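Report on one structure; see the data block that follows.
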Amino acid sequence: MIADKELDARGLNCPLPILKAKKALADMLSGQTLKVISTDAGSVRDFQAFAKQTGNLLMQQETVGGDHITLLKRR
């Protein structure tokens, strides 16, 4: 996954990965992509809901080892 910006949210529990992603997306231009790496298993479902609520596009999600990787595209 290639992204314009990467956010390492490993070790953070809900809702911190979402809050940090929201802040990072606010500083990005429309169409740019944000890669979020989290160790919180709940973040997978949280980012799905976050994308629906905010209008940002959830492009991809995958789990590699204990890392949950989410790729979001700024609306």
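For the structure tokens, the naming scheme is as follows: chains receive sequential letters (A, B, ...) according to their order of presentation, residues are indexed from 1 within each chain, and ligands are indexed from 1 in presentation order.
Residues surrounding range 38-52 of chain A within 9 Å are Leu7, Asp8, Ala9, Arg10, Gly11, Leu12, Asn13, Cys14, Pro15, Pro17, Ile18, Lys22, Leu58, Gln61, Glu62, Thr63, Gly66, Asp67, His68, Ile69, Thr70 and Leu72 of chain A [only C-alpha atoms; sequence separation below 6 positions excluded].
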request  = Enumerate as a PyMOL selection string all residues of chain A assigned to strand (DSSP E) by DSSP on the backbone, naming them with the chain letters and numbers the document uses.
outcome  = chain A and resi 5-9+33-38+57-64+67-73
task = Work out how far apart CA of Gly65 in chain A and CA of Leu19 in chain A are and give it in Å to one decimal.
result =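 Computing the Euclidean distance for CA of Gly65 in chain A and CA of Leu19 in chain A yields 23.4 Å.
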